[in-house]
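K.L.:
My structure file start-v4.cif, mmCIF, C-alpha atoms, is below:
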```
data_input
#
loop_
_atom_site.label_atom_id
_atom_site.label_comp_id
_atom_site.auth_asym_id
_atom_site.auth_seq_id
_atom_site.Cartn_x
_atom_site.Cartn_y
_atom_site.Cartn_z
CA MET T 1 -147.32 -61.73 -44.48
CA LYS T 2 -149.39 -63.35 -41.75
CA SER T 3 -150.24 -61.36 -38.63
CA ALA T 4 -149.17 -62.49 -35.16
CA VAL T 5 -152.79 -63.46 -34.50
CA GLN T 6 -152.95 -65.61 -37.66
CA LEU T 7 -149.61 -67.24 -36.80
CA LYS T 8 -150.93 -68.06 -33.32
CA ALA T 9 -153.88 -69.88 -34.86
CA LEU T 10 -151.48 -72.09 -36.86
CA ARG T 11 -149.44 -73.20 -33.86
CA PRO T 12 -150.09 -76.59 -32.21
CA ARG T 13 -152.14 -76.47 -28.98
CA SER T 14 -149.90 -75.51 -26.07
CA LYS T 15 -150.43 -76.38 -22.42
CA TYR T 16 -150.04 -72.64 -21.82
CA ASP T 17 -152.97 -71.75 -24.14
CA PHE T 18 -154.48 -68.74 -22.34
CA ASP T 19 -157.69 -68.60 -24.40
CA ALA T 20 -158.35 -72.29 -23.65
CA LEU T 21 -157.70 -71.70 -19.96
CA LEU T 22 -160.30 -68.91 -19.90
CA ARG T 23 -162.81 -71.15 -21.69
CA GLU T 24 -162.19 -74.00 -19.23
CA ARG T 25 -162.80 -71.59 -16.35
CA GLY T 26 -165.90 -70.14 -18.02
CA MET T 27 -164.30 -66.71 -18.06
CA ALA T 28 -164.56 -64.00 -20.70
CA LEU T 29 -162.30 -60.97 -20.44
CA ALA T 30 -163.58 -58.05 -22.45
CA PRO T 31 -162.65 -54.37 -22.24
CA ALA T 32 -164.53 -52.65 -19.42
CA ALA T 33 -163.30 -49.14 -20.24
CA VAL T 34 -160.59 -47.20 -22.00
CA ASP T 35 -159.52 -44.68 -19.40
CA THR T 36 -155.78 -44.76 -20.10
CA LEU T 37 -153.75 -44.18 -23.25
CA GLN T 38 -150.36 -45.76 -22.73
CA VAL T 39 -147.88 -44.53 -25.32
CA ASN T 40 -144.47 -46.07 -25.94
CA ILE T 41 -142.65 -43.16 -27.53
CA THR T 42 -139.13 -44.58 -27.89
CA LYS T 43 -137.11 -47.77 -27.56
CA THR T 44 -133.96 -45.81 -26.75
CA CYS T 45 -132.80 -46.32 -23.17
CA ASN T 46 -129.68 -45.49 -21.21
CA GLN T 47 -129.86 -48.92 -19.55
CA VAL T 48 -129.89 -52.53 -20.76
CA CYS T 49 -131.95 -54.39 -18.14
CA ARG T 50 -131.87 -58.18 -18.23
CA HIS T 51 -135.64 -58.57 -17.89
CA CYS T 52 -136.65 -55.81 -20.34
CA HIS T 53 -139.61 -56.86 -22.49
CA VAL T 54 -138.98 -53.94 -24.86
CA ASP T 55 -135.37 -55.00 -25.58
CA ALA T 56 -134.61 -51.32 -25.05
CA SER T 57 -130.98 -50.15 -25.09
CA PRO T 58 -128.75 -47.13 -25.89
CA SER T 59 -128.41 -48.34 -29.49
CA ARG T 60 -132.16 -48.49 -30.29
CA THR T 61 -133.37 -45.56 -32.38
CA GLU T 62 -137.10 -46.24 -32.92
CA ARG T 63 -139.23 -43.33 -31.77
CA MET T 64 -142.65 -41.82 -32.38
CA SER T 65 -142.91 -39.14 -35.08
CA PRO T 66 -144.03 -35.59 -34.18
CA GLU T 67 -147.17 -36.21 -36.26
CA ASP T 68 -148.10 -39.29 -34.23
CA LEU T 69 -147.40 -37.51 -30.94
CA ALA T 70 -149.85 -34.83 -32.14
CA ARG T 71 -152.38 -37.53 -33.06
CA CYS T 72 -152.17 -38.97 -29.52
CA LEU T 73 -152.80 -35.50 -28.08
CA GLU T 74 -155.71 -35.01 -30.43
CA ILE T 75 -157.21 -38.35 -29.28
CA LEU T 76 -156.81 -37.25 -25.65
CA ALA T 77 -158.45 -33.90 -26.41
CA ARG T 78 -161.37 -35.54 -28.19
CA HIS T 79 -162.10 -38.14 -25.51
CA PRO T 80 -162.88 -36.99 -21.97
CA GLN T 81 -163.33 -40.70 -21.08
CA ILE T 82 -159.56 -41.13 -21.50
CA THR T 83 -158.42 -39.36 -18.37
CA LYS T 84 -154.86 -40.69 -18.10
CA LEU T 85 -151.75 -40.61 -20.29
CA ASP T 86 -149.09 -43.18 -19.37
CA ILE T 87 -145.81 -42.40 -21.16
CA THR T 88 -143.33 -45.24 -21.45
CA GLY T 89 -140.36 -46.45 -23.47
CA GLY T 90 -137.33 -47.20 -23.39
CA ALA T 91 -136.62 -44.16 -21.33
CA PRO T 92 -139.35 -41.83 -22.64
CA GLU T 93 -137.42 -38.72 -21.56
CA LEU T 94 -134.90 -39.50 -24.33
CA HIS T 95 -137.48 -38.68 -27.03
CA PRO T 96 -136.79 -35.13 -28.30
CA GLY T 97 -140.51 -34.34 -28.16
CA PHE T 98 -141.02 -35.64 -24.61
CA ASP T 99 -141.20 -32.31 -22.79
CA GLY T 100 -143.74 -30.82 -25.18
CA PHE T 101 -145.82 -34.00 -25.15
CA VAL T 102 -146.05 -33.87 -21.35
CA GLU T 103 -146.82 -30.14 -21.22
CA LYS T 104 -149.59 -30.38 -23.83
CA ALA T 105 -151.23 -33.40 -22.17
CA VAL T 106 -151.14 -31.61 -18.81
CA ALA T 107 -152.69 -28.54 -20.45
CA LEU T 108 -155.53 -30.81 -21.63
CA GLY T 109 -156.22 -31.63 -17.98
CA LYS T 110 -155.04 -35.24 -18.24
CA HIS T 111 -153.37 -37.15 -15.44
CA VAL T 112 -149.89 -37.78 -16.83
CA MET T 113 -147.74 -40.69 -15.68
CA VAL T 114 -144.12 -41.08 -16.70
CA ARG T 115 -142.31 -44.44 -16.48
CA HIS T 116 -138.97 -43.12 -15.26
CA ASN T 117 -135.92 -45.36 -14.77
CA LEU T 118 -134.28 -42.86 -12.34
CA THR T 119 -130.74 -43.23 -13.75
CA VAL T 120 -131.54 -41.26 -16.91
CA GLN T 121 -131.38 -38.14 -14.71
CA LEU T 122 -127.68 -38.75 -14.17
CA ASP T 123 -126.70 -40.65 -17.32
CA GLY T 124 -128.26 -38.21 -19.78
CA HIS T 125 -128.90 -39.13 -23.43
CA PRO T 126 -126.66 -42.02 -24.51
CA GLN T 127 -126.58 -40.86 -28.14
CA THR T 128 -126.60 -37.04 -27.96
CA LYS T 129 -125.01 -36.75 -24.49
CA GLU T 130 -127.70 -34.19 -23.62
CA SER T 131 -128.05 -33.70 -19.85
CA LYS T 132 -131.30 -34.80 -18.20
CA GLU T 133 -130.61 -33.32 -14.79
CA TYR T 134 -133.50 -30.90 -15.25
CA LEU T 135 -136.07 -33.71 -15.06
CA PRO T 136 -137.01 -33.56 -11.34
CA GLY T 137 -137.87 -29.86 -11.64
CA PHE T 138 -139.69 -30.42 -14.93
CA PHE T 139 -141.75 -33.26 -13.46
CA ALA T 140 -142.65 -31.15 -10.42
CA ARG T 141 -143.66 -28.09 -12.46
CA ASN T 142 -146.01 -30.24 -14.52
CA ARG T 143 -147.14 -32.23 -11.47
CA VAL T 144 -146.79 -35.53 -13.32
CA GLU T 145 -146.92 -38.84 -11.50
CA VAL T 146 -143.45 -40.38 -11.62
CA ILE T 147 -143.30 -44.19 -11.63
CA CYS T 148 -139.78 -45.43 -11.06
CA SER T 149 -138.15 -48.81 -11.49
CA LEU T 150 -136.44 -50.14 -8.38
CA PRO T 151 -136.40 -53.95 -8.15
CA TYR T 152 -135.26 -54.00 -4.52
CA TYR T 153 -134.26 -51.71 -1.67
CA GLN T 154 -130.71 -53.08 -1.75
CA GLN T 155 -127.86 -52.96 -4.24
CA PHE T 156 -127.37 -56.66 -5.00
CA PHE T 157 -130.70 -57.41 -6.69
CA THR T 158 -130.95 -53.98 -8.30
CA ASP T 159 -127.53 -54.05 -9.93
CA SER T 160 -127.97 -57.71 -10.94
CA GLN T 161 -131.05 -56.82 -12.96
CA ARG T 162 -130.30 -53.31 -14.16
CA GLY T 163 -126.50 -53.06 -14.35
CA ALA T 164 -123.55 -52.23 -12.12
CA GLY T 165 -123.88 -48.92 -10.32
CA VAL T 166 -127.62 -48.53 -10.98
CA PHE T 167 -128.62 -48.78 -7.32
CA ALA T 168 -126.33 -45.95 -6.19
CA LYS T 169 -127.51 -43.74 -9.06
CA SER T 170 -131.15 -44.60 -8.33
CA MET T 171 -130.73 -43.48 -4.71
CA GLU T 172 -129.26 -40.17 -5.87
CA ALA T 173 -132.05 -39.69 -8.42
CA MET T 174 -134.71 -40.41 -5.78
CA ARG T 175 -133.00 -37.88 -3.49
CA ARG T 176 -133.38 -35.25 -6.22
CA LEU T 177 -137.06 -36.12 -6.68
CA ASN T 178 -137.63 -35.97 -2.91
CA ALA T 179 -135.96 -32.54 -2.91
CA GLN T 180 -138.72 -31.34 -5.26
CA GLY T 181 -141.34 -32.63 -2.85
CA TYR T 182 -141.95 -35.96 -4.60
CA GLY T 183 -143.12 -38.64 -2.19
CA ALA T 184 -143.68 -36.16 0.65
CA GLU T 185 -147.03 -36.40 2.40
CA GLY T 186 -149.37 -33.62 1.35
CA SER T 187 -147.24 -32.44 -1.60
CA GLY T 188 -149.52 -33.98 -4.19
CA LEU T 189 -146.39 -35.02 -6.10
CA GLU T 190 -146.65 -38.78 -6.47
CA LEU T 191 -143.52 -40.89 -6.57
CA ASN T 192 -144.34 -44.55 -7.02
CA LEU T 193 -141.87 -47.40 -7.29
CA VAL T 194 -142.00 -50.55 -9.39
CA CYS T 195 -140.52 -53.86 -8.30
CA ASN T 196 -139.91 -56.59 -10.86
CA PRO T 197 -138.43 -59.83 -9.50
CA VAL T 198 -134.82 -60.24 -10.53
CA GLY T 199 -135.38 -63.73 -11.91
CA PRO T 200 -137.95 -66.39 -12.81
CA TYR T 201 -140.13 -66.17 -9.73
CA LEU T 202 -143.29 -64.34 -8.70
CA PRO T 203 -143.17 -61.00 -6.88
CA ALA T 204 -143.56 -60.96 -3.11
CA PRO T 205 -146.93 -59.73 -1.78
CA GLN T 206 -147.14 -56.02 -2.60
CA ALA T 207 -148.26 -54.62 0.77
CA GLY T 208 -145.58 -56.38 2.81
CA LEU T 209 -142.82 -55.52 0.37
CA GLU T 210 -143.98 -51.88 0.26
CA ALA T 211 -143.60 -51.72 4.04
CA ASP T 212 -140.07 -53.16 3.75
CA TYR T 213 -139.11 -50.64 1.06
CA ARG T 214 -140.54 -47.76 3.10
CA ARG T 215 -138.69 -48.77 6.27
CA GLU T 216 -135.35 -49.57 4.61
CA LEU T 217 -135.19 -46.66 2.15
CA LYS T 218 -136.02 -44.23 4.96
CA ALA T 219 -133.61 -45.76 7.47
CA LYS T 220 -130.65 -46.36 5.16
CA HIS T 221 -131.03 -43.55 2.62
CA GLY T 222 -133.47 -41.02 4.09
CA LEU T 223 -135.79 -41.45 1.08
CA VAL T 224 -139.58 -41.42 0.83
CA PHE T 225 -142.08 -42.55 -1.78
CA ASN T 226 -145.84 -43.10 -2.08
CA ARG T 227 -146.66 -46.59 -3.36
CA LEU T 228 -144.87 -49.73 -4.48
CA TYR T 229 -146.19 -51.65 -7.48
CA THR T 230 -145.11 -55.28 -7.91
CA ILE T 231 -144.98 -56.45 -11.52
CA THR T 232 -144.38 -59.99 -12.77
CA ASN T 233 -141.69 -60.52 -15.40
CA MET T 234 -143.23 -61.35 -18.75
CA PRO T 235 -141.84 -64.41 -20.53
CA ILE T 236 -141.18 -62.56 -23.77
CA ASN T 237 -138.21 -61.06 -25.63
CA ARG T 238 -135.02 -60.55 -23.59
CA PHE T 239 -136.37 -62.27 -20.46
CA ARG T 240 -137.68 -65.22 -22.48
CA LEU T 241 -134.28 -65.56 -24.15
CA HIS T 242 -132.66 -65.69 -20.70
CA LEU T 243 -135.17 -68.34 -19.57
CA GLU T 244 -134.55 -70.45 -22.66
CA LYS T 245 -130.77 -70.16 -22.50
CA SER T 246 -130.75 -71.11 -18.82
CA GLY T 247 -133.21 -73.99 -19.35
CA GLN T 248 -135.87 -72.39 -17.13
CA TYR T 249 -138.60 -71.41 -19.61
CA GLU T 250 -140.87 -74.38 -19.01
CA ALA T 251 -140.43 -74.26 -15.22
CA TYR T 252 -141.33 -70.56 -15.21
CA MET T 253 -144.38 -71.08 -17.43
CA ASP T 254 -145.48 -74.00 -15.23
CA ARG T 255 -145.14 -71.68 -12.21
CA LEU T 256 -147.30 -69.01 -13.87
CA LEU T 257 -149.90 -71.56 -14.96
CA ALA T 258 -150.10 -73.19 -11.52
CA ALA T 259 -150.57 -69.76 -9.92
CA PHE T 260 -153.42 -68.71 -12.28
CA ASN T 261 -155.79 -66.60 -10.20
CA PRO T 262 -159.25 -65.80 -11.62
CA ALA T 263 -159.58 -62.83 -9.25
CA ALA T 264 -156.35 -61.36 -10.63
CA ALA T 265 -157.48 -62.03 -14.20
CA GLY T 266 -160.53 -59.82 -13.74
CA GLY T 267 -158.31 -56.81 -13.07
CA VAL T 268 -155.86 -57.12 -15.97
CA MET T 269 -154.87 -53.78 -17.44
CA CYS T 270 -155.92 -54.58 -21.02
CA ARG T 271 -159.50 -54.21 -19.78
CA SER T 272 -159.01 -50.50 -19.10
CA LEU T 273 -156.21 -49.21 -21.32
CA VAL T 274 -154.85 -49.36 -24.82
CA SER T 275 -151.20 -49.22 -25.73
CA VAL T 276 -149.81 -47.23 -28.65
CA GLY T 277 -146.54 -48.15 -30.35
CA HIS T 278 -143.96 -45.71 -31.66
CA ASP T 279 -145.38 -46.26 -35.14
CA GLY T 280 -148.97 -45.39 -34.16
CA ARG T 281 -150.27 -48.97 -34.09
CA VAL T 282 -152.64 -49.80 -31.23
CA TYR T 283 -152.27 -52.83 -28.95
CA ASP T 284 -154.08 -54.31 -25.96
CA CYS T 285 -150.99 -53.77 -23.78
CA ASP T 286 -147.29 -52.97 -23.93
CA PHE T 287 -146.44 -56.70 -23.99
CA ASN T 288 -148.63 -57.43 -27.01
CA GLN T 289 -147.01 -54.40 -28.59
CA MET T 290 -143.55 -55.93 -28.23
CA LEU T 291 -144.86 -59.18 -29.75
CA GLU T 292 -146.48 -57.16 -32.57
CA MET T 293 -149.91 -58.62 -31.72
CA ASP T 294 -152.00 -55.74 -33.04
CA ALA T 295 -155.30 -54.92 -31.40
CA VAL T 296 -158.18 -55.56 -33.78
CA ASP T 297 -161.79 -54.45 -33.76
CA ALA T 298 -164.80 -56.78 -33.65
CA LYS T 299 -164.49 -57.26 -37.42
CA GLY T 300 -160.81 -58.19 -37.21
CA ARG T 301 -159.52 -54.88 -38.59
CA ARG T 302 -156.27 -53.56 -37.09
CA LEU T 303 -156.60 -50.51 -34.84
CA SER T 304 -154.43 -47.44 -35.26
CA ILE T 305 -154.28 -43.91 -33.89
CA ARG T 306 -154.77 -42.69 -37.47
CA ASP T 307 -158.44 -43.68 -37.52
CA PHE T 308 -159.06 -43.93 -33.77
CA ASP T 309 -162.69 -44.68 -33.02
CA PHE T 310 -163.54 -45.05 -29.35
CA ASP T 311 -166.44 -47.46 -29.85
CA ARG T 312 -164.37 -49.75 -32.10
CA VAL T 313 -161.64 -49.77 -29.47
CA LEU T 314 -163.99 -50.41 -26.56
CA SER T 315 -165.80 -53.25 -28.33
CA ARG T 316 -162.62 -55.00 -29.49
CA PRO T 317 -161.87 -58.60 -28.51
CA ILE T 318 -158.64 -58.58 -26.48
CA GLN T 319 -155.83 -60.63 -28.03
CA PHE T 320 -154.36 -63.18 -25.61
CA ASP T 321 -151.38 -65.51 -25.80
CA GLU T 322 -149.17 -67.58 -23.50
CA HIS T 323 -147.44 -64.58 -21.93
CA CYS T 324 -150.79 -63.39 -20.49
CA LEU T 325 -150.30 -65.98 -17.75
CA GLY T 326 -147.79 -63.47 -16.36
CA CYS T 327 -150.56 -60.95 -15.60
CA THR T 328 -152.89 -63.49 -13.99
CA ALA T 329 -150.49 -65.37 -11.70
CA GLY T 330 -150.62 -65.02 -7.94
CA ALA T 331 -151.75 -61.58 -6.90
CA GLY T 332 -151.81 -60.50 -10.56
CA SER T 333 -149.73 -57.94 -12.37
CA SER T 334 -150.37 -54.72 -14.21
CA CYS T 335 -148.71 -51.36 -14.81
CA GLY T 336 -150.38 -50.35 -11.53
CA GLY T 337 -149.08 -53.38 -9.64
CA ALA T 338 -151.04 -56.30 -8.17
CA THR T 339 -154.62 -56.71 -9.40
CA ALA T 340 -156.08 -58.99 -6.72
CA MET K 341 -131.78 -93.39 -14.01
CA SER K 342 -128.10 -93.12 -13.12
CA ASP K 343 -128.11 -90.40 -10.47
CA TYR K 344 -129.76 -89.70 -7.14
CA TYR K 345 -131.47 -86.35 -6.49
CA GLU K 346 -132.61 -85.45 -10.01
CA SER K 347 -133.96 -81.87 -9.87
CA GLU K 348 -136.85 -82.91 -12.13
CA ASP K 349 -137.99 -85.26 -9.36
CA LEU K 350 -139.13 -82.34 -7.23
CA LYS K 351 -142.17 -82.07 -9.50
CA LYS K 352 -143.06 -85.65 -8.55
CA PHE K 353 -143.45 -84.87 -4.85
CA GLY K 354 -147.21 -85.18 -5.26
CA ASP K 355 -146.71 -88.77 -6.46
CA ILE K 356 -146.04 -89.94 -2.91
CA GLY K 357 -149.79 -90.57 -2.81
CA LYS K 358 -149.53 -93.28 -5.46
CA HIS K 359 -149.65 -96.11 -2.94
CA GLY K 360 -151.27 -94.29 -0.02
CA LYS K 361 -153.49 -91.48 -1.17
CA GLN K 362 -155.26 -90.68 2.07
CA LEU K 363 -152.10 -90.33 4.11
CA ALA K 364 -150.53 -88.21 1.35
CA ASP K 365 -153.60 -85.99 1.21
CA ASP K 366 -153.51 -85.60 4.99
CA PHE K 367 -149.81 -84.76 4.86
CA PHE K 368 -150.10 -82.18 2.06
CA LYS K 369 -153.00 -80.46 3.80
CA TYR K 370 -150.97 -80.21 6.99
CA TYR K 371 -147.83 -79.22 5.05
CA GLY K 372 -149.65 -76.44 3.21
CA ASN K 373 -151.24 -75.10 6.36
CA ALA K 374 -147.98 -75.19 8.31
CA THR K 375 -145.65 -73.70 5.69
CA GLY K 376 -147.73 -71.86 3.11
CA THR K 377 -149.95 -69.49 5.07
CA ASP K 378 -149.50 -66.35 7.11
CA GLY K 379 -150.19 -67.17 10.75
CA ALA K 380 -148.50 -66.15 13.99
CA LEU K 381 -145.42 -66.30 11.76
CA SER K 382 -145.39 -64.67 8.32
CA LYS K 383 -144.91 -66.77 5.20
CA ARG K 384 -141.49 -65.16 4.85
CA GLU K 385 -140.44 -66.19 8.36
CA LYS K 386 -141.68 -69.71 7.68
CA ALA K 387 -139.76 -69.82 4.40
CA LEU K 388 -136.54 -68.80 6.18
CA ILE K 389 -137.07 -71.47 8.86
CA ALA K 390 -137.74 -74.06 6.13
CA LEU K 391 -134.59 -72.96 4.29
CA ALA K 392 -132.56 -73.48 7.45
CA VAL K 393 -134.10 -76.93 8.01
CA ALA K 394 -133.46 -77.82 4.35
CA HIS K 395 -129.75 -77.14 4.88
CA ALA K 396 -129.59 -78.91 8.23
CA GLN K 397 -131.23 -81.98 6.67
CA LYS K 398 -129.18 -81.57 3.46
CA CYS K 399 -132.22 -81.82 1.15
CA PRO K 400 -131.40 -80.40 -2.31
CA TYR K 401 -135.08 -80.42 -3.34
CA CYS K 402 -136.02 -78.32 -0.32
CA ILE K 403 -133.06 -75.96 -0.80
CA ASP K 404 -134.26 -75.15 -4.34
CA ALA K 405 -137.91 -74.92 -3.32
CA TYR K 406 -137.33 -72.69 -0.29
CA THR K 407 -134.75 -70.46 -1.96
CA THR K 408 -137.53 -69.66 -4.45
CA GLN K 409 -140.09 -69.36 -1.66
CA CYS K 410 -137.82 -66.92 0.21
CA LEU K 411 -137.53 -64.77 -2.92
CA GLU K 412 -141.28 -64.90 -3.55
CA THR K 413 -141.95 -63.71 -0.01
CA GLY K 414 -139.52 -60.78 -0.29
CA ALA K 415 -136.55 -62.12 1.67
CA ASN K 416 -133.08 -60.97 0.66
CA PRO K 417 -129.78 -62.86 0.35
CA GLU K 418 -128.49 -61.58 3.72
CA GLN K 419 -131.57 -62.93 5.51
CA MET K 420 -131.30 -66.24 3.67
CA MET K 421 -127.61 -66.62 4.48
CA GLU K 422 -128.23 -65.75 8.14
CA ALA K 423 -130.88 -68.47 8.28
CA VAL K 424 -128.31 -70.98 6.98
CA HIS K 425 -125.82 -69.77 9.59
CA VAL K 426 -128.44 -70.38 12.30
CA ALA K 427 -128.76 -73.96 11.00
CA ALA K 428 -124.97 -74.35 10.85
CA ALA K 429 -124.50 -72.90 14.34
CA MET K 430 -127.23 -75.15 15.73
CA LEU K 431 -125.64 -78.23 14.16
CA ALA K 432 -122.24 -77.21 15.54
CA GLY K 433 -123.77 -76.57 18.95
CA ILE K 434 -125.61 -79.89 18.90
CA THR K 435 -122.34 -81.66 18.10
CA LEU K 436 -120.39 -79.77 20.73
CA VAL K 437 -122.95 -80.11 23.52
CA HIS K 438 -122.55 -83.88 23.18
CA SER K 439 -118.96 -83.41 24.36
CA VAL K 440 -120.48 -83.02 27.84
CA GLN K 441 -121.54 -86.66 27.52
CA MET K 442 -118.02 -87.49 26.35
CA GLN K 443 -116.54 -85.68 29.34
CA ASN K 444 -118.98 -87.35 31.75
CA HIS K 445 -117.94 -90.74 30.48
CA LEU K 446 -114.29 -89.73 30.40
CA GLU K 447 -114.47 -88.90 34.09
CA LYS K 448 -115.86 -92.35 34.81
CA MET K 449 -113.12 -94.00 32.77
CA VAL K 450 -110.13 -92.12 34.16
CA LEU K 451 -108.86 -92.95 37.64
#
```
Show me the file's structure as structure tokens.
P.N.:
Amino acid sequence: MKSAVQLKALRPRSKYDFDALLRERGMALAPAAVDTLQVNITKTCNQVCRHCHVDASPSRTERMSPEDLARCLEILARHPQITKLDITGGAPELHPGFDGFVEKAVALGKHVMVRHNLTVQLDGHPQTKESKEYLPGFFARNRVEVICSLPYYQQFFTDSQRGAGVFAKSMEAMRRLNAQGYGAEGSGLELNLVCNPVGPYLPAPQAGLEADYRRELKAKHGLVFNRLYTITNMPINRFRLHLEKSGQYEAYMDRLLAAFNPAAAGGVMCRSLVSVGHDGRVYDCDFNQMLEMDAVDAKGRRLSIRDFDFDRVLSRPIQFDEHCLGCTAGAGSSCGGATA
Amino acid sequence: MSDYYESEDLKKFGDIGKHGKQLADDFFKYYGNATGTDGALSKREKALIALAVAHAQKCPYCIDAYTTQCLETGANPEQMMEAVHVAAAMLAGITLVHSVQMQNHLEKMVL
């Protein structure tokens, strides 16, 4: 079977060819560091968001094995250069090994970030019905950074993207995090929000939108947070299907291409992190992971956590494709928000 | 072509320079500076004004373009709808204020 990279080479030249765009601009994007291990530990989620690039849902069952969780911890222990663990999913809290994974990474002295969809606190596990109401206290005890999805500070956009009732539950979940000290000045408990546009358009400028969120969430709901990260929707998987079905794929790709920003490209996240799939395969980012575009070393050999070698990972050529235009449009986009 | 106002035609806006490049270039420079930059007004405020003008002038191209621009500058549906109401109220007011002219003339015509 041909790899995603080999299949890409067989396709006819596209006007959205990201590698060609970089060549035309005289740009080369190589890894600058590997300071973050981003691990996607499960595709199970209590929500079914319309833009989700993971195609996560309550019926998905893929999850990382205990052995591979241990391998990730061993990699973190062995590499002081990798200072951050970014745990994502699905809803990562639905993995039965989530709590232990967090506690052990914290014990290693790593900065742990959890991609938290807020509603899982109230919905619990969609398959086992296990309650997740303990999460705010658990997060606070371990002093993890909590990064929460909230596409807008009002109900209409939020429920349109993430499902009916999600906004009200998100406000309640934020209230519970605030009650633990999250988002409060001086607490050291970081509560950051993520805004994805609710359709095929670029995010609003991050600083201005953050000010709007801060004012409105405080005034209408009495809630506080630290930072807002704006993230562009990637034209892959569920969101791509929506674009194609609604006849908007080409218009969206044209929009991304026209907004290509070299300054944003320099800060793309694949230059400082690697992404690990639930099966232990290594990717340049979570989006490549969902497209099964494996990261390869300089000799073209696939990378895995089973034979993780820092120098091979750092010297790898990053794999690009059309969707990478999503990270380089406008003010740029990464797991930490705008890049320019 | 069998219809007016094809949505695909919006992409051809730049083609207005085909038979008058310099004037088109001058216009697009002015247009970009006036609508697409933060100045004394923010880009969001400008997008909401443009959305209102698009409705008042009944331009479907501009309605699509500035609905997107409003979203990309962080406006919400309530703000966008209020902008359209401002346009509607202004158009109603402009119509109604002309009734003063009608009344002035009426007074001349009636003994």
K.L.:
Please evaluate the PyMOL selection byres ((chain T) within 10 of (chain K)) against the structure above and give the resulting residues as a list in words.
P.N.:
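Matching residues under the PyMOL selection byres ((chain T) within 10 of (chain K)) are Tyr152, Tyr153, Gln154, Phe156, Phe157, Pro197, Val198, Gly199, Pro200, Tyr201, Leu202, Pro203, Ala204, Pro205, Gln206, Gly208, Leu209, Glu210, Asp212 and Ala251 of chain T.
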K.L.:
Using all atoms listed in the file, determine which residues lie at most 9 Å from Glu62 of chain T, disregarding the query and same-chain residues fewer than 2 positions distant; provide the list as a VMD selection string.
P.N.:
chain T and resid 41 to 44 60 64 278 to 279
K.L.:
Point out the residue among T:Asp321, T:Gly336, T:Val313, T:Thr119 with the least atom-to-atom distance to Ala20 of chain T, counting all atoms listed in the file.
P.N.:
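For Ala20 of chain T, the nearest of the candidates is T:Asp321.
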K.L.:
Please, what distance in Å, to one decimal, runs between atom CA of Ser333 of chain T and atom CA of Val114 of chain T?
P.N.:
18.3 Å
K.L.:
Give the answer as one residue: which of T:Pro66, T:Gly26, T:Pro317, T:Pro235 has the shortest atom-to-atom distance to Ala295 of chain T, using all atoms listed in the file?
P.N.:
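Of T:Pro66, T:Gly26, T:Pro317, T:Pro235, the one nearest Ala295 of chain T is T:Pro317, counting all atoms listed in the file.
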K.L.:
May I ask for the distance between atom CA of Asn117 of chain T and atom CA of Cys148 of chain T, given in Å to one decimal place?
P.N.:
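About the pair atom CA of Asn117 of chain T and atom CA of Cys148 of chain T: they are 5.4 Å apart.
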K.L.:
Quick one: apply the PyMOL selection byres ((chain K and resi 375) around 10) to the file and drop the selected residues here as a list in words.
P.N.:
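Applied to this file, the PyMOL selection byres ((chain K and resi 375) around 10) returns Tyr370, Tyr371, Gly372, Asn373, Ala374, Gly376, Thr377, Asp378, Gly379, Leu381, Ser382, Lys383, Arg384, Glu385, Lys386, Ala387, Ile389 and Ala390 of chain K.
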K.L.:
Would you export the selected residues with C-alpha atoms as a short mmCIF file (atom, residue, chain, number, x, y, z; two decimals), in the coordinates of the input, please?
P.N.:
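Produced file selection34.cif, reproduced below:
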```cif
data_model
loop_
_atom_site.label_atom_id
_atom_site.label_comp_id
_atom_site.auth_asym_id
_atom_site.auth_seq_id
_atom_site.Cartn_x
_atom_site.Cartn_y
_atom_site.Cartn_z
CA TYR K 370 -150.97 -80.21 6.99
CA TYR K 371 -147.83 -79.22 5.05
CA GLY K 372 -149.65 -76.44 3.21
CA ASN K 373 -151.24 -75.10 6.36
CA ALA K 374 -147.98 -75.19 8.31
CA GLY K 376 -147.73 -71.86 3.11
CA THR K 377 -149.95 -69.49 5.07
CA ASP K 378 -149.50 -66.35 7.11
CA GLY K 379 -150.19 -67.17 10.75
CA LEU K 381 -145.42 -66.30 11.76
CA SER K 382 -145.39 -64.67 8.32
CA LYS K 383 -144.91 -66.77 5.20
CA ARG K 384 -141.49 -65.16 4.85
CA GLU K 385 -140.44 -66.19 8.36
CA LYS K 386 -141.68 -69.71 7.68
CA ALA K 387 -139.76 -69.82 4.40
CA ILE K 389 -137.07 -71.47 8.86
CA ALA K 390 -137.74 -74.06 6.13
#
```
K.L.:
So what do you get for atom CA of Ala56 of chain T versus atom CA of Gln180 of chain T, distance-wise?
P.N.:
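We find that atom CA of Ala56 of chain T and atom CA of Gln180 of chain T lie 28.4 Å from each other.
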K.L.:
Might you spell out which residues the PyMOL selection byres ((chain T and resi 282-294) around 9) would select in the displayed file, as number ranges by chain?
P.N.:
T: 3-5, 38-40, 53-55, 234, 236-237, 269-271, 273-277, 279-281, 295-296, 302-305, 318-321, 323-324
K.L.:
Just give me the residues with any atom within 8 Å of (-136.8, -43.6, -14.4), file coordinates, counting all atoms listed in the file, written as a list in words.
P.N.:
Ala91, Arg115, His116, Asn117, Leu118, Thr119, Val120, Gln121, Val146, Ile147, Cys148 and Ser149 of chain T
K.L.:
Nearest to Cys402 of chain K: which of K:Lys358, K:Ser342, K:Asp349, K:Met421 is it, counting all atoms listed in the file?
P.N.:
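Of K:Lys358, K:Ser342, K:Asp349, K:Met421, the one nearest Cys402 of chain K is K:Asp349, counting all atoms listed in the file.
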